[in-house]
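Remarks on the structure that follows.
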Amino acid sequence: MTATAMATVLREFSFTAVKEAVSEARHQVVAIARSYGCMTQTVLDDLDTLSGEVLANAVIHTHTEKVGVQVAVDELGGLLRVVVCDDGSGGPIVVPDADPLSEHGRGVLLLQMLAADWGVVFDGYGSTVGNAVWFELKL
């Protein structure tokens, strides 16, 4: 991940960690990116897919009350960065041979396929406690 100081934070927000809030949070992330401009439909589609995955995982796989989201642009590197923070513990779970018909088990594979880069920060990101999963997409 490139240095946060080099990125321009477009918006930060948080939402209550319930499954029903994930869709709205995903739409907010895409709307923030769309308002920035200069993004292809492919980038917006990948952003929608990865945001939904990472946001849902923060709600489903952690015992957190709030999920924090940061959307930033690194203009020098030509990257859009999304950071999703929770106050839970643990990290991404890799399911080695996920059933192709299952709704679960392919989040890390999607990150590997669609993101320019991604990772996990354990034990706090910025002013948060817990963990953060981040990903970057080429603009």
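Letters A, B, ... go to the chains of the structure tokens in the order shown; residues in each chain start at 1; ligands are counted from 1 in the same order.
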
* **Asp45 in chain A environment, 12 Å, only C-alpha atoms, sequence neighbours closer than 3 positions dropped, as a list in words** => Arg26, His27, Val29, Val30, Ala31, Ala33, Arg34, Met39, Thr40, Gln41, Thr42, Asp48, Thr49, Leu50, Ser51, Gly52, Leu114, Ala115 and Leu137 of chain A

Would you save the residues from that selection as a tab-separated table (two decimals), in the first residue's frame, using N, CA and C atoms?
chain	number	residue	atom	x	y	z
A	26	ARG	N	-21.98	-0.18	0.49
A	26	ARG	CA	-21.35	-0.47	-0.82
A	26	ARG	C	-21.74	0.60	-1.83
A	27	HIS	N	-23.01	0.97	-1.86
A	27	HIS	CA	-23.46	2.01	-2.79
A	27	HIS	C	-22.81	3.35	-2.47
A	29	VAL	N	-19.78	3.79	-1.20
A	29	VAL	CA	-18.40	3.72	-1.68
A	29	VAL	C	-18.35	4.01	-3.18
A	30	VAL	N	-19.23	3.38	-3.94
A	30	VAL	CA	-19.25	3.57	-5.39
A	30	VAL	C	-19.64	5.02	-5.74
A	31	ALA	N	-20.61	5.58	-5.01
A	31	ALA	CA	-21.02	6.96	-5.27
A	31	ALA	C	-19.89	7.94	-4.99
A	33	ALA	N	-16.67	7.31	-5.22
A	33	ALA	CA	-15.70	7.16	-6.31
A	33	ALA	C	-16.24	7.80	-7.60
A	34	ARG	N	-17.50	7.59	-7.88
A	34	ARG	CA	-18.10	8.16	-9.09
A	34	ARG	C	-18.05	9.68	-9.05
A	39	MET	N	-13.16	7.56	-13.71
A	39	MET	CA	-13.14	6.13	-13.46
A	39	MET	C	-13.94	5.44	-14.55
A	40	THR	N	-13.38	4.39	-15.08
A	40	THR	CA	-14.10	3.63	-16.10
A	40	THR	C	-15.20	2.81	-15.44
A	41	GLN	N	-16.12	2.34	-16.25
A	41	GLN	CA	-17.18	1.49	-15.72
A	41	GLN	C	-16.60	0.19	-15.17
A	42	THR	N	-15.53	-0.30	-15.76
A	42	THR	CA	-14.88	-1.50	-15.25
A	42	THR	C	-14.36	-1.29	-13.84
A	48	ASP	N	-17.49	-2.05	-6.90
A	48	ASP	CA	-18.75	-2.52	-6.35
A	48	ASP	C	-18.60	-3.95	-5.82
A	49	THR	N	-17.98	-4.81	-6.61
A	49	THR	CA	-17.79	-6.21	-6.22
A	49	THR	C	-16.91	-6.32	-4.97
A	50	LEU	N	-15.75	-5.69	-5.00
A	50	LEU	CA	-14.81	-5.83	-3.88
A	50	LEU	C	-15.32	-5.12	-2.62
A	51	SER	N	-15.95	-3.98	-2.78
A	51	SER	CA	-16.50	-3.29	-1.61
A	51	SER	C	-17.56	-4.15	-0.94
A	52	GLY	N	-18.45	-4.71	-1.73
A	52	GLY	CA	-19.48	-5.58	-1.17
A	52	GLY	C	-18.89	-6.74	-0.40
A	114	LEU	N	-9.01	-9.06	-8.84
A	114	LEU	CA	-9.48	-7.76	-9.29
A	114	LEU	C	-8.67	-6.57	-8.79
A	115	ALA	N	-8.09	-6.69	-7.60
A	115	ALA	CA	-7.37	-5.55	-7.02
A	115	ALA	C	-5.95	-5.44	-7.56
A	137	LEU	N	-7.41	-0.16	-6.54
A	137	LEU	CA	-7.74	-0.39	-7.95
A	137	LEU	C	-7.05	0.65	-8.79

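The interatomic distance for the pair CA of Asp86 in chain A and CA of Val73 in chain A works out to 21.2 Å.
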
* **Å distance separating CA of Lys138 in chain A from CA of Ala25 in chain A, one decimal place** =>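 Separation between CA of Lys138 in chain A and CA of Ala25 in chain A: 21.2 Å.
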
* Provide the CA of Leu76 in chain A to CA of Leu55 in chain A distance in Å, to one decimal place. => 26.6 Å

* To do: Find the residue from A:Met113, A:Leu139, A:Val121, A:Val54 that sits nearest to Ser23 in chain A; use only C-alpha atoms when measuring.
  => A:Val54

* Which one of A:Val83, A:Val71, A:Leu109, A:Ala116 sits closest to Val133 in chain A if you count only C-alpha atoms? ->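 Distance minimum relative to Val133 in chain A lands on A:Val83.
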
* Asked: Of the candidates A:Asp74, A:Val67, A:Asn57, A:Leu80, which one gets nearest to Val108 in chain A if we count only C-alpha atoms?
  ->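 Of the candidates, the smallest distance to Val108 in chain A is held by A:Asn57.
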
* Phe13 in chain A: which residues within 7 Å, counting only C-alpha atoms, same-chain residues fewer than 2 positions away excluded, as a list in words? ->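 Those residues are Arg11, Phe15, Gly68, Val69 and Gln70 of chain A.
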
* Within range 20-121 of chain A, find each residue whose DSSP state, derived from the backbone, is strand (DSSP E or B), and express the selection as an MDAnalysis selection string. => chainID A and resid 66:74 79:86 117:121

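Between Ser35 in chain A and the candidates A:Ala17, A:Trp134, A:Leu10, A:Thr62, the tightest atom-to-atom separation, counting only C-alpha atoms, involves A:Leu10.
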
* Which neighbours of His63 in chain A fall inside 12 Å, counting only C-alpha atoms, when residues of the same chain fewer than 2 positions from it are skipped, and could you give them as a ChimeraX atom specification? -> /A:16-18,57-61,65-67,86-90,130-131

* From range 2-111 of chain A, collect each residue whose DSSP state is helix (DSSP H, G or I) and return the set as a PyMOL selection string. => chain A and resi 4-6+19-36+41-60+107-111
